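Chemist: Below is the file query.pdb, with PDB, C-alpha atoms.
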```pdb
ATOM      1  CA  MET A 434     118.587 109.329  98.669
ATOM      2  CA  ASN A 435     116.467 111.874  96.830
ATOM      3  CA  HIS A 436     115.643 114.547  99.411
ATOM      4  CA  SER A 437     112.705 115.828  97.348
ATOM      5  CA  PHE A 438     110.735 113.150  99.181
ATOM      6  CA  LEU A 439     109.644 114.898 102.346
ATOM      7  CA  THR A 440     106.106 113.867 103.295
ATOM      8  CA  VAL A 441     103.854 110.856 103.656
ATOM      9  CA  ARG A 442     102.050 112.050 100.539
ATOM     10  CA  ASP A 443     105.340 111.966  98.575
ATOM     11  CA  LEU A 444     106.082 108.400  99.640
ATOM     12  CA  LEU A 445     102.534 107.209  99.045
ATOM     13  CA  ARG A 446     102.567 108.584  95.513
ATOM     14  CA  TYR A 447     105.986 107.070  94.851
ATOM     15  CA  ALA A 448     104.914 103.655  96.145
ATOM     16  CA  VAL A 449     101.783 103.554  93.989
ATOM     17  CA  THR A 450     103.814 104.492  90.916
ATOM     18  CA  ARG A 451     106.500 101.936  91.735
ATOM     19  CA  PHE A 452     103.966  99.156  92.300
ATOM     20  CA  ASN A 453     102.097  99.908  89.088
ATOM     21  CA  GLN A 454     105.297 100.120  87.054
ATOM     22  CA  ALA A 455     106.383  96.756  88.427
ATOM     23  CA  GLN A 456     102.954  95.251  87.658
ATOM     24  CA  LEU A 457     102.729  93.653  91.062
ATOM     25  CA  ALA A 458      99.968  91.177  91.838
ATOM     26  CA  PHE A 459      97.546  91.961  94.664
ATOM     27  CA  GLY A 460      94.743  90.102  96.436
ATOM     28  CA  GLN A 461      96.666  88.893  99.495
ATOM     29  CA  GLY A 462      95.155  91.359 101.907
ATOM     30  CA  ASN A 463      94.943  94.438  99.679
ATOM     31  CA  ALA A 464      93.152  94.698  96.359
ATOM     32  CA  ASN A 465      95.196  97.334  94.535
ATOM     33  CA  ALA A 466      98.414  99.350  94.446
ATOM     34  CA  TYR A 467      97.019 102.301  96.409
ATOM     35  CA  ASP A 468      95.709 100.211  99.326
ATOM     36  CA  GLU A 469      98.947  98.231  99.447
ATOM     37  CA  ALA A 470     101.043 101.405  99.409
ATOM     38  CA  ALA A 471      98.971 103.086 102.115
ATOM     39  CA  TYR A 472      99.205 100.002 104.319
ATOM     40  CA  LEU A 473     102.970  99.621 103.984
ATOM     41  CA  VAL A 474     103.669 103.323 104.488
ATOM     42  CA  LEU A 475     101.459 103.588 107.574
ATOM     43  CA  HIS A 476     102.741 100.336 109.076
ATOM     44  CA  THR A 477     106.375 101.282 108.573
ATOM     45  CA  LEU A 478     105.830 104.707 110.168
ATOM     46  CA  HIS A 479     103.929 103.154 113.114
ATOM     47  CA  LEU A 480     100.834 105.173 112.300
ATOM     48  CA  PRO A 481      97.205 104.006 112.695
ATOM     49  CA  LEU A 482      96.316 101.876 109.685
ATOM     50  CA  ASP A 483      92.890 103.469 109.332
ATOM     51  CA  THR A 484      94.051 107.086 109.624
ATOM     52  CA  LEU A 485      95.896 108.368 106.577
ATOM     53  CA  ASP A 486      94.546 111.860 105.835
ATOM     54  CA  PRO A 487      95.826 113.745 108.915
ATOM     55  CA  PHE A 488      99.379 112.575 108.212
ATOM     56  CA  LEU A 489      99.589 113.071 104.446
ATOM     57  CA  ASP A 490     101.542 116.326 104.651
ATOM     58  CA  ALA A 491     103.591 115.445 107.704
ATOM     59  CA  ARG A 492     107.313 115.857 107.067
ATOM     60  CA  LEU A 493     109.426 112.819 107.810
ATOM     61  CA  LEU A 494     112.862 112.204 109.273
ATOM     62  CA  LYS A 495     115.571 110.838 107.014
ATOM     63  CA  ASP A 496     115.571 107.444 108.730
ATOM     64  CA  GLU A 497     111.780 107.233 108.361
ATOM     65  CA  ILE A 498     112.020 107.948 104.635
ATOM     66  CA  SER A 499     114.776 105.363 104.350
ATOM     67  CA  ALA A 500     112.664 102.721 106.132
ATOM     68  CA  VAL A 501     109.699 103.320 103.839
ATOM     69  CA  PHE A 502     111.914 103.220 100.744
ATOM     70  CA  ASP A 503     113.353  99.921 101.951
ATOM     71  CA  ILE A 504     110.005  98.171 102.365
ATOM     72  CA  ILE A 505     108.752  99.530  99.031
ATOM     73  CA  GLU A 506     111.836  98.152  97.277
ATOM     74  CA  ARG A 507     111.541  94.779  98.996
ATOM     75  CA  ARG A 508     107.908  94.539  97.900
ATOM     76  CA  VAL A 509     108.926  95.255  94.291
ATOM     77  CA  THR A 510     112.216  93.384  93.934
ATOM     78  CA  GLN A 511     111.381  90.304  96.006
ATOM     79  CA  ARG A 512     107.678  90.217  95.079
ATOM     80  CA  LEU A 513     106.892  89.262  98.661
ATOM     81  CA  PRO A 514     103.296  89.670  99.813
ATOM     82  CA  ALA A 515     102.944  92.674 102.106
ATOM     83  CA  ALA A 516     101.883  90.404 104.976
ATOM     84  CA  TYR A 517     105.208  88.584 104.831
ATOM     85  CA  LEU A 518     107.054  91.900 105.005
ATOM     86  CA  THR A 519     105.122  93.117 108.046
ATOM     87  CA  HIS A 520     104.357  89.717 109.631
ATOM     88  CA  GLU A 521     100.763  90.691 110.156
ATOM     89  CA  ALA A 522      97.441  90.204 108.429
ATOM     90  CA  TRP A 523      93.900  91.337 109.080
ATOM     91  CA  LEU A 524      90.754  89.321 108.479
ATOM     92  CA  GLN A 525      87.329  90.755 109.304
ATOM     93  CA  GLY A 526      88.865  93.121 111.848
ATOM     94  CA  TYR A 527      90.937  90.440 113.576
ATOM     95  CA  HIS A 528      94.720  90.782 113.638
ATOM     96  CA  PHE A 529      96.988  87.773 113.042
ATOM     97  CA  TYR A 530     100.680  87.015 112.920
ATOM     98  CA  VAL A 531     101.746  85.458 109.599
ATOM     99  CA  ASP A 532     104.930  84.436 107.837
ATOM    100  CA  GLU A 533     105.956  82.167 104.970
ATOM    101  CA  ARG A 534     104.843  79.053 106.858
ATOM    102  CA  VAL A 535     101.191  79.872 106.085
ATOM    103  CA  ILE A 536      99.187  81.403 103.262
ATOM    104  CA  VAL A 537      98.096  84.996 103.756
ATOM    105  CA  PRO A 538      94.602  84.917 105.358
ATOM    106  CA  ARG A 539      91.851  85.968 102.950
ATOM    107  CA  SER A 540      89.071  83.426 103.400
ATOM    108  CA  LEU A 541      85.534  84.532 102.582
ATOM    109  CA  ILE A 542      84.289  82.216 105.328
ATOM    110  CA  GLY A 543      85.498  84.822 107.820
ATOM    111  CA  GLU A 544      82.857  87.209 106.524
ATOM    112  CA  LEU A 545      80.158  84.576 107.071
ATOM    113  CA  LEU A 546      81.408  83.770 110.564
ATOM    114  CA  LEU A 547      81.212  87.427 111.506
ATOM    115  CA  LYS A 548      77.457  87.159 110.825
ATOM    116  CA  ARG A 549      77.341  83.944 112.890
ATOM    117  CA  LEU A 550      76.316  82.097 109.718
ATOM    118  CA  PHE A 551      72.843  83.614 109.836
ATOM    119  CA  PRO A 552      70.368  82.431 108.584
ATOM    120  CA  TRP A 553      71.818  78.940 108.144
ATOM    121  CA  ILE A 554      72.390  78.593 111.887
ATOM    122  CA  ASN A 555      69.327  79.638 113.863
ATOM    123  CA  ALA A 556      70.677  79.178 117.394
ATOM    124  CA  PRO A 557      74.395  80.042 117.328
ATOM    125  CA  ASP A 558      74.780  79.853 121.110
ATOM    126  CA  GLU A 559      73.719  76.205 121.023
ATOM    127  CA  LEU A 560      76.688  75.044 118.940
ATOM    128  CA  SER A 561      79.009  72.974 121.110
ATOM    129  CA  ALA A 562      81.577  71.530 118.703
ATOM    130  CA  ILE A 563      83.180  73.005 115.566
ATOM    131  CA  LEU A 564      85.901  71.602 113.334
ATOM    132  CA  GLU A 565      88.151  73.541 110.983
ATOM    133  CA  LEU A 566      90.122  71.556 108.434
ATOM    134  CA  CYS A 567      93.284  73.030 106.830
ATOM    135  CA  THR A 568      93.498  75.725 109.505
ATOM    136  CA  GLY A 569      96.797  77.322 108.437
ATOM    137  CA  ALA A 570      97.368  80.330 110.699
ATOM    138  CA  GLY A 571      94.277  79.441 112.750
ATOM    139  CA  CYS A 572      92.355  82.548 111.689
ATOM    140  CA  LEU A 573      88.959  80.974 110.993
ATOM    141  CA  ALA A 574      89.122  78.881 114.163
ATOM    142  CA  ILE A 575      89.746  82.051 116.182
ATOM    143  CA  ILE A 576      86.950  84.015 114.504
ATOM    144  CA  ALA A 577      84.632  81.018 115.007
ATOM    145  CA  ALA A 578      85.482  80.985 118.709
ATOM    146  CA  TYR A 579      84.156  84.535 119.004
ATOM    147  CA  ALA A 580      81.144  83.900 116.763
ATOM    148  CA  PHE A 581      80.093  80.799 118.710
ATOM    149  CA  PRO A 582      81.181  81.444 122.310
ATOM    150  CA  TYR A 583      79.863  78.173 123.739
ATOM    151  CA  ALA A 584      81.567  75.881 121.222
ATOM    152  CA  ASP A 585      84.837  74.040 121.537
ATOM    153  CA  ILE A 586      86.851  74.115 118.337
ATOM    154  CA  ASP A 587      89.214  71.547 116.862
ATOM    155  CA  ALA A 588      91.550  72.756 114.115
ATOM    156  CA  ILE A 589      93.687  70.537 111.907
ATOM    157  CA  ASP A 590      96.540  71.057 109.496
ATOM    158  CA  LEU A 591      98.945  68.720 107.748
ATOM    159  CA  SER A 592     101.787  71.201 108.213
ATOM    160  CA  LYS A 593     103.596  71.190 111.542
ATOM    161  CA  THR A 594     105.113  74.590 110.806
ATOM    162  CA  ALA A 595     101.716  76.107 109.950
ATOM    163  CA  LEU A 596     100.425  74.903 113.302
ATOM    164  CA  GLN A 597     103.280  76.748 115.008
ATOM    165  CA  VAL A 598     101.885  79.963 113.530
ATOM    166  CA  ALA A 599      98.340  78.973 114.513
ATOM    167  CA  GLN A 600      99.471  78.331 118.086
ATOM    168  CA  ARG A 601     101.063  81.770 118.250
ATOM    169  CA  ASN A 602      97.776  83.361 117.182
ATOM    170  CA  ILE A 603      95.726  81.249 119.586
ATOM    171  CA  ASP A 604      98.071  82.280 122.404
ATOM    172  CA  GLU A 605      97.654  85.922 121.411
ATOM    173  CA  TYR A 606      93.862  85.635 121.724
ATOM    174  CA  ASP A 607      94.101  83.505 124.887
ATOM    175  CA  LEU A 608      91.929  80.763 123.386
ATOM    176  CA  ASN A 609      93.894  77.648 124.366
ATOM    177  CA  GLU A 610      91.043  76.397 126.532
ATOM    178  CA  ARG A 611      88.656  76.472 123.563
ATOM    179  CA  ILE A 612      90.752  75.685 120.480
ATOM    180  CA  THR A 613      92.658  72.414 120.168
ATOM    181  CA  LEU A 614      95.152  71.941 117.341
ATOM    182  CA  PHE A 615      95.778  68.613 115.611
ATOM    183  CA  GLU A 616      98.574  67.777 113.197
ATOM    184  CA  GLY A 617      97.636  65.355 110.439
ATOM    185  CA  ASP A 618      95.811  64.548 107.239
ATOM    186  CA  LEU A 619      92.239  65.863 107.391
ATOM    187  CA  PHE A 620      90.137  63.818 109.834
ATOM    188  CA  LYS A 621      92.801  61.184 110.627
ATOM    189  CA  PRO A 622      94.267  62.645 113.847
ATOM    190  CA  LEU A 623      90.882  63.292 115.474
ATOM    191  CA  PRO A 624      89.431  61.367 118.393
ATOM    192  CA  SER A 625      85.981  59.972 117.720
ATOM    193  CA  ARG A 626      83.404  62.751 118.032
ATOM    194  CA  GLN A 627      80.820  64.636 116.003
ATOM    195  CA  TYR A 628      80.593  68.314 115.134
ATOM    196  CA  ASP A 629      77.726  70.741 114.689
ATOM    197  CA  LEU A 630      79.748  72.578 112.047
ATOM    198  CA  ILE A 631      82.738  71.801 109.835
ATOM    199  CA  ILE A 632      84.388  74.694 108.000
ATOM    200  CA  THR A 633      87.320  74.581 105.621
ATOM    201  CA  ASN A 634      89.212  76.670 103.108
ATOM    202  CA  PRO A 635      91.206  73.774 101.626
ATOM    203  CA  PRO A 636      93.779  73.748  98.804
ATOM    204  CA  TYR A 637      91.715  74.171  95.616
ATOM    205  CA  VAL A 638      93.981  75.677  92.935
ATOM    206  CA  ASN A 639      94.022  73.392  89.887
ATOM    207  CA  ASP A 640      97.217  72.322  88.137
ATOM    208  CA  GLU A 641      96.759  74.698  85.213
ATOM    209  CA  LEU A 642      96.400  77.728  87.469
ATOM    210  CA  MET A 643      99.263  76.607  89.694
ATOM    211  CA  ARG A 644     101.573  76.875  86.678
ATOM    212  CA  THR A 645     100.566  80.506  86.079
ATOM    213  CA  LEU A 646     100.445  81.894  89.621
ATOM    214  CA  PRO A 647     101.952  85.375  90.083
ATOM    215  CA  ALA A 648     105.278  85.498  91.899
ATOM    216  CA  GLU A 649     103.630  86.761  95.105
ATOM    217  CA  TYR A 650     101.522  83.620  95.390
ATOM    218  CA  CYS A 651     104.504  81.372  94.715
ATOM    219  CA  HIS A 652     105.955  82.511  98.049
ATOM    220  CA  GLU A 653     103.031  80.836  99.814
ATOM    221  CA  PRO A 654     103.276  77.147 100.792
ATOM    222  CA  HIS A 655     102.569  74.996  97.736
ATOM    223  CA  ILE A 656     100.787  72.422  99.872
ATOM    224  CA  ALA A 657      98.268  75.043 101.009
ATOM    225  CA  LEU A 658      97.287  75.973  97.451
ATOM    226  CA  SER A 659      97.527  72.964  95.147
ATOM    227  CA  GLY A 660      94.336  70.937  94.780
ATOM    228  CA  GLY A 661      95.380  68.594  91.983
ATOM    229  CA  PHE A 662      94.334  68.352  88.336
ATOM    230  CA  ASP A 663      90.913  69.996  88.755
ATOM    231  CA  GLY A 664      91.558  71.518  92.178
ATOM    232  CA  MET A 665      89.113  69.151  93.834
ATOM    233  CA  ASP A 666      91.406  66.435  95.257
ATOM    234  CA  ILE A 667      91.097  67.543  98.885
ATOM    235  CA  VAL A 668      87.477  68.623  98.482
ATOM    236  CA  ARG A 669      86.562  65.112  97.278
ATOM    237  CA  ARG A 670      88.105  63.555 100.360
ATOM    238  CA  ILE A 671      86.383  66.003 102.710
ATOM    239  CA  ILE A 672      82.936  65.508 101.186
ATOM    240  CA  GLY A 673      83.448  61.755 101.062
ATOM    241  CA  ALA A 674      84.188  61.490 104.798
ATOM    242  CA  ALA A 675      82.403  64.451 106.398
ATOM    243  CA  HIS A 676      79.126  62.660 107.177
ATOM    244  CA  LYS A 677      80.927  60.470 109.736
ATOM    245  CA  TRP A 678      81.959  63.545 111.679
ATOM    246  CA  LEU A 679      78.794  65.648 111.621
ATOM    247  CA  THR A 680      75.831  65.612 113.964
ATOM    248  CA  GLN A 681      72.444  64.780 112.465
ATOM    249  CA  ASP A 682      71.721  68.455 111.794
ATOM    250  CA  GLY A 683      75.337  69.424 111.169
ATOM    251  CA  LEU A 684      76.616  71.647 108.371
ATOM    252  CA  LEU A 685      79.660  71.403 106.119
ATOM    253  CA  ILE A 686      80.926  74.699 104.648
ATOM    254  CA  ILE A 687      83.706  74.700 102.050
ATOM    255  CA  GLU A 688      85.407  77.523 100.167
ATOM    256  CA  ILE A 689      86.604  76.750  96.627
ATOM    257  CA  GLY A 690      87.533  80.151  95.153
ATOM    258  CA  ASN A 691      86.911  80.274  91.424
ATOM    259  CA  GLY A 692      86.475  76.522  91.129
ATOM    260  CA  ARG A 693      82.670  76.340  90.984
ATOM    261  CA  HIS A 694      82.584  74.771  87.513
ATOM    262  CA  HIS A 695      85.066  72.098  88.591
ATOM    263  CA  LEU A 696      83.091  71.453  91.759
ATOM    264  CA  GLU A 697      79.786  71.107  89.955
ATOM    265  CA  ALA A 698      81.387  68.787  87.420
ATOM    266  CA  ALA A 699      82.503  66.565  90.300
ATOM    267  CA  PHE A 700      79.517  66.911  92.634
ATOM    268  CA  GLY A 701      76.634  68.148  90.484
ATOM    269  CA  GLY A 702      74.357  65.490  91.963
ATOM    270  CA  LEU A 703      74.595  66.938  95.461
ATOM    271  CA  PRO A 704      72.250  69.707  96.714
ATOM    272  CA  LEU A 705      74.952  72.377  96.858
ATOM    273  CA  GLU A 706      73.821  75.601  98.524
ATOM    274  CA  TRP A 707      75.937  78.607  97.513
ATOM    275  CA  LEU A 708      76.422  81.270 100.155
ATOM    276  CA  PRO A 709      76.518  84.983  99.256
ATOM    277  CA  THR A 710      79.671  86.925 100.122
ATOM    278  CA  ASN A 711      81.128  90.262  99.093
ATOM    279  CA  ALA A 712      82.950  88.393  96.324
ATOM    280  CA  GLY A 713      79.723  86.939  94.886
ATOM    281  CA  ASN A 714      77.804  83.737  95.470
ATOM    282  CA  ASP A 715      79.957  81.116  93.789
ATOM    283  CA  SER A 716      82.974  80.687  96.094
ATOM    284  CA  VAL A 717      81.562  79.142  99.288
ATOM    285  CA  PHE A 718      79.015  76.335  99.484
ATOM    286  CA  LEU A 719      77.128  74.483 102.171
ATOM    287  CA  LEU A 720      75.977  70.890 102.488
ATOM    288  CA  HIS A 721      73.680  69.480 105.168
ATOM    289  CA  ALA A 722      74.703  66.339 107.013
ATOM    290  CA  ALA A 723      71.466  64.673 105.949
ATOM    291  CA  ASP A 724      72.539  64.903 102.313
ATOM    292  CA  LEU A 725      76.058  63.588 102.762
ATOM    293  CA  PRO A 726      75.490  59.896 103.619
ATOM    294  CA  HIS A 727      73.937  59.332 100.195
ATOM    295  CA  TYR A 728      77.179  60.395  98.499
ATOM    296  CA  LYS A 729      79.548  57.597  97.591
ATOM    297  CA  HIS A 730      82.822  58.579  95.953
TER     298      HIS A 730
END
```
Would it be possible to restate this file's structure as structure tokens?
Modeler:
Amino acid sequence: MNHSFLTVRDLLRYAVTRFNQAQLAFGQGNANAYDEAAYLVLHTLHLPLDTLDPFLDARLLKDEISAVFDIIERRVTQRLPAAYLTHEAWLQGYHFYVDERVIVPRSLIGELLLKRLFPWINAPDELSAILELCTGAGCLAIIAAYAFPYADIDAIDLSKTALQVAQRNIDEYDLNERITLFEGDLFKPLPSRQYDLIITNPPYVNDELMRTLPAEYCHEPHIALSGGFDGMDIVRRIIGAAHKWLTQDGLLIIEIGNGRHHLEAAFGGLPLEWLPTNAGNDSVFLLHAADLPHYKH
């Protein structure tokens, strides 16, 4: 080991250089090499993730330097997302356990839930039933439980192993009395009921993009990403069936990433309402229950 590496600052600089040289892909929790490096260094040293400056010139023990080197090299050589190396992810201030059974949480819907979907929902405490489709690690269902404290939440995923991760997170937040998990294909496993709100971040990556995904994204479950030829296979099925599951004034909110042009090509006749997020206003859309029965796919 090169003993010229003595401080947190040394390791942070090295990690940024190493990540940039390796041309790693980001976007699974951190947006760039510096943020990713700072996160991995602080996590590995068991330091507060939001407090870097006071520790920059702290000298480290040999085993601490070795541990940081190890995680940096694993990130570079294995191209594993940082969240899979640390088994944790953060979304809108909420902490979640994650591993390769689920995609790394990054849904923009979390940002909207934090604002209790204002102004689209005027009386958030009156919501009694919420459904999340394609729940993965259960993150949005958990955030929704805090945003709408009087609502019961059903969360569905096709993947049994993803639901194991979701259950772990629900246990951690002690929300078993409010969140019920279902294993199955979209609405199929549900008992007959109607929801005030349906939210979903479904698979929406089209076939062309699936073939060019960076290595980091290829570690995520294929089933959680692939949305078919135009990315809209699952979205079509959700929109086609959602009206049966919504209350008269219910809302359907779907995230489709960069697929707006594909969505509008498929559903241009519907009154799509695009919701503003920090990533722009073309990734998440809303449909009112009253508009859905007129759609026939």
Chemist: Residues picked by the PyMOL selection byres ((chain A and resi 540-555) around 10) here, as a VMD selection string?
Modeler: chain A and resid 524 to 527 537 to 539 556 to 560 572 to 581 629 to 630 632 to 634 683 to 684 686 to 690 708 to 713 716 to 719
Chemist: Create the file for the chosen residues now, containing C-alpha atoms and written as a short mmCIF file (atom, residue, chain, number, x, y, z; two decimals), in the frame of the given file.
Modeler:
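The resulting file, out19.cif, is reproduced below:
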```
data_model
loop_
_atom_site.label_atom_id
_atom_site.label_comp_id
_atom_site.auth_asym_id
_atom_site.auth_seq_id
_atom_site.Cartn_x
_atom_site.Cartn_y
_atom_site.Cartn_z
CA LEU A 524 90.75 89.32 108.48
CA GLN A 525 87.33 90.76 109.30
CA GLY A 526 88.86 93.12 111.85
CA TYR A 527 90.94 90.44 113.58
CA VAL A 537 98.10 85.00 103.76
CA PRO A 538 94.60 84.92 105.36
CA ARG A 539 91.85 85.97 102.95
CA ALA A 556 70.68 79.18 117.39
CA PRO A 557 74.40 80.04 117.33
CA ASP A 558 74.78 79.85 121.11
CA GLU A 559 73.72 76.20 121.02
CA LEU A 560 76.69 75.04 118.94
CA CYS A 572 92.36 82.55 111.69
CA LEU A 573 88.96 80.97 110.99
CA ALA A 574 89.12 78.88 114.16
CA ILE A 575 89.75 82.05 116.18
CA ILE A 576 86.95 84.02 114.50
CA ALA A 577 84.63 81.02 115.01
CA ALA A 578 85.48 80.98 118.71
CA TYR A 579 84.16 84.54 119.00
CA ALA A 580 81.14 83.90 116.76
CA PHE A 581 80.09 80.80 118.71
CA ASP A 629 77.73 70.74 114.69
CA LEU A 630 79.75 72.58 112.05
CA ILE A 632 84.39 74.69 108.00
CA THR A 633 87.32 74.58 105.62
CA ASN A 634 89.21 76.67 103.11
CA GLY A 683 75.34 69.42 111.17
CA LEU A 684 76.62 71.65 108.37
CA ILE A 686 80.93 74.70 104.65
CA ILE A 687 83.71 74.70 102.05
CA GLU A 688 85.41 77.52 100.17
CA ILE A 689 86.60 76.75 96.63
CA GLY A 690 87.53 80.15 95.15
CA LEU A 708 76.42 81.27 100.16
CA PRO A 709 76.52 84.98 99.26
CA THR A 710 79.67 86.92 100.12
CA ASN A 711 81.13 90.26 99.09
CA ALA A 712 82.95 88.39 96.32
CA GLY A 713 79.72 86.94 94.89
CA SER A 716 82.97 80.69 96.09
CA VAL A 717 81.56 79.14 99.29
CA PHE A 718 79.02 76.33 99.48
CA LEU A 719 77.13 74.48 102.17
#
```
Chemist: Take the PyMOL selection byres ((chain A and resi 620) around 9), apply it to the structure above, and return the hits as a PyMOL selection string.
Modeler: chain A and resi 566+589+617-619+621-624+671+674-675+678
Chemist: For the selection just defined, write its residues with C-alpha atoms to a file, as a PDB file, keeping the file's coordinate frame.
Modeler:
```
ATOM      1  CA  LEU A 566      90.122  71.556 108.434  1.00  0.00           C
ATOM      2  CA  ILE A 589      93.687  70.537 111.907  1.00  0.00           C
ATOM      3  CA  GLY A 617      97.636  65.355 110.439  1.00  0.00           C
ATOM      4  CA  ASP A 618      95.811  64.548 107.239  1.00  0.00           C
ATOM      5  CA  LEU A 619      92.239  65.863 107.391  1.00  0.00           C
ATOM      6  CA  LYS A 621      92.801  61.184 110.627  1.00  0.00           C
ATOM      7  CA  PRO A 622      94.267  62.645 113.847  1.00  0.00           C
ATOM      8  CA  LEU A 623      90.882  63.292 115.474  1.00  0.00           C
ATOM      9  CA  PRO A 624      89.431  61.367 118.393  1.00  0.00           C
ATOM     10  CA  ILE A 671      86.383  66.003 102.710  1.00  0.00           C
ATOM     11  CA  ALA A 674      84.188  61.490 104.798  1.00  0.00           C
ATOM     12  CA  ALA A 675      82.403  64.451 106.398  1.00  0.00           C
ATOM     13  CA  TRP A 678      81.959  63.545 111.679  1.00  0.00           C
TER      14      TRP A 678
END
```
Chemist: Looking at all atoms listed in the file, which of A:Ser499, A:Asn691, A:Thr440, A:Asn465 is the one that sits closest to A:Val638?
Modeler: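 Of A:Ser499, A:Asn691, A:Thr440, A:Asn465, the one nearest A:Val638, counting all atoms listed in the file, is A:Asn691.
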Chemist: Hey, which of A:Leu705, A:Val474, A:Val531, A:Leu444 ends up closest to A:Arg693? Count all atoms listed in the file.
Modeler: A:Leu705
Chemist: For a quick check of your reading of the model, name the residues lying within 12 Å of the coordinate (105.2, 107.4, 110.5), counting all atoms listed in the file, and write them as a PyMOL selection string.
Modeler: chain A and resi 439-442+444-445+471-482+484-485+487-501
Chemist: Determine the residue set returned by the PyMOL selection byres ((chain A and resi 455) around 12) for the present structure, and present it as JSON, numbers by chain.
Modeler: {"A": [448, 449, 450, 451, 452, 453, 454, 456, 457, 458, 459, 466, 505, 506, 507, 508, 509, 510, 511, 512, 648]}
Chemist: Within 9 Å of (79.2, 69.0, 95.1) in the file's own coordinates, which protein, DNA or RNA residues have an atom, counting all atoms listed in the file? List them as a list of chain:residue names.
Modeler: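 Result, sorted by chain then residue number: A:Val668, A:Arg669, A:Ile672, A:Leu696, A:Glu697, A:Ala698, A:Ala699, A:Phe700, A:Gly701, A:Gly702, A:Leu703, A:Pro704, A:Leu705, A:Phe718, A:Leu720.
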Chemist: Stretch 690-704 of chain A, all listed atoms, 3 Å padding on each side: what axis-aligned box centre and edge lengths in Å to one decimal come out, as JSON?
Modeler:
```
{"center_x": 79.9, "center_y": 72.9, "center_z": 92.1, "size_x": 21.3, "size_y": 20.8, "size_z": 15.3}
```
Chemist: Would you mind reading off the distance between atom CA of A:Tyr583 and atom CA of A:Ile563, one decimal, in Å?
Modeler: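 Computing it gives 10.2 Å between the two atoms.
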Chemist: So, counting all atoms listed in the file, which residue among A:Glu706, A:Glu533, A:Asp587, A:Glu616 is closest to A:His655?
Modeler: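 Distance minimum relative to A:His655 lands on A:Glu533.
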Chemist: Report, in Å with one decimal, the straight-line distance from atom CA of A:Ala470 to atom CA of A:Leu646.
Modeler: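 Those two atoms sit 21.8 Å apart.
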Chemist: Figure out the distance between atom CA of A:Arg670 and atom CA of A:Gln461, please, to one decimal in Å.
Modeler: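 A separation of 26.8 Å between them.
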Chemist: For each of A:Ala562, A:Ile504, A:Ala516, A:Met643, take the minimum atom-to-atom distance to A:Tyr628, counting all atoms listed in the file, then give the residue where this is smallest.
Modeler: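 Result for the nearest residue to A:Tyr628: A:Ala562.
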Chemist: Please determine, counting all atoms listed in the file, which residue among A:Asp724, A:Glu610, A:Glu653, A:Asp715 has the shortest atom-to-atom distance to A:Asp532.
Modeler: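 Under the stated criterion, the closest residue is A:Glu653.
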Chemist: At a cut-off of 6 Å, using all atoms listed in the file, what residues contact stretch 590-602 of chain A? Leave out same-chain residues fewer than 3 positions from it and give the result as a count of residues only.
Modeler: 11
Chemist: Using all atoms listed in the file, which residue out of A:Pro514, A:Tyr447, A:Gly460, A:Ala723 lies closest to A:His652?
Modeler: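 Checking each of A:Pro514, A:Tyr447, A:Gly460, A:Ala723 against A:His652, counting all atoms listed in the file, the winner is A:Pro514.
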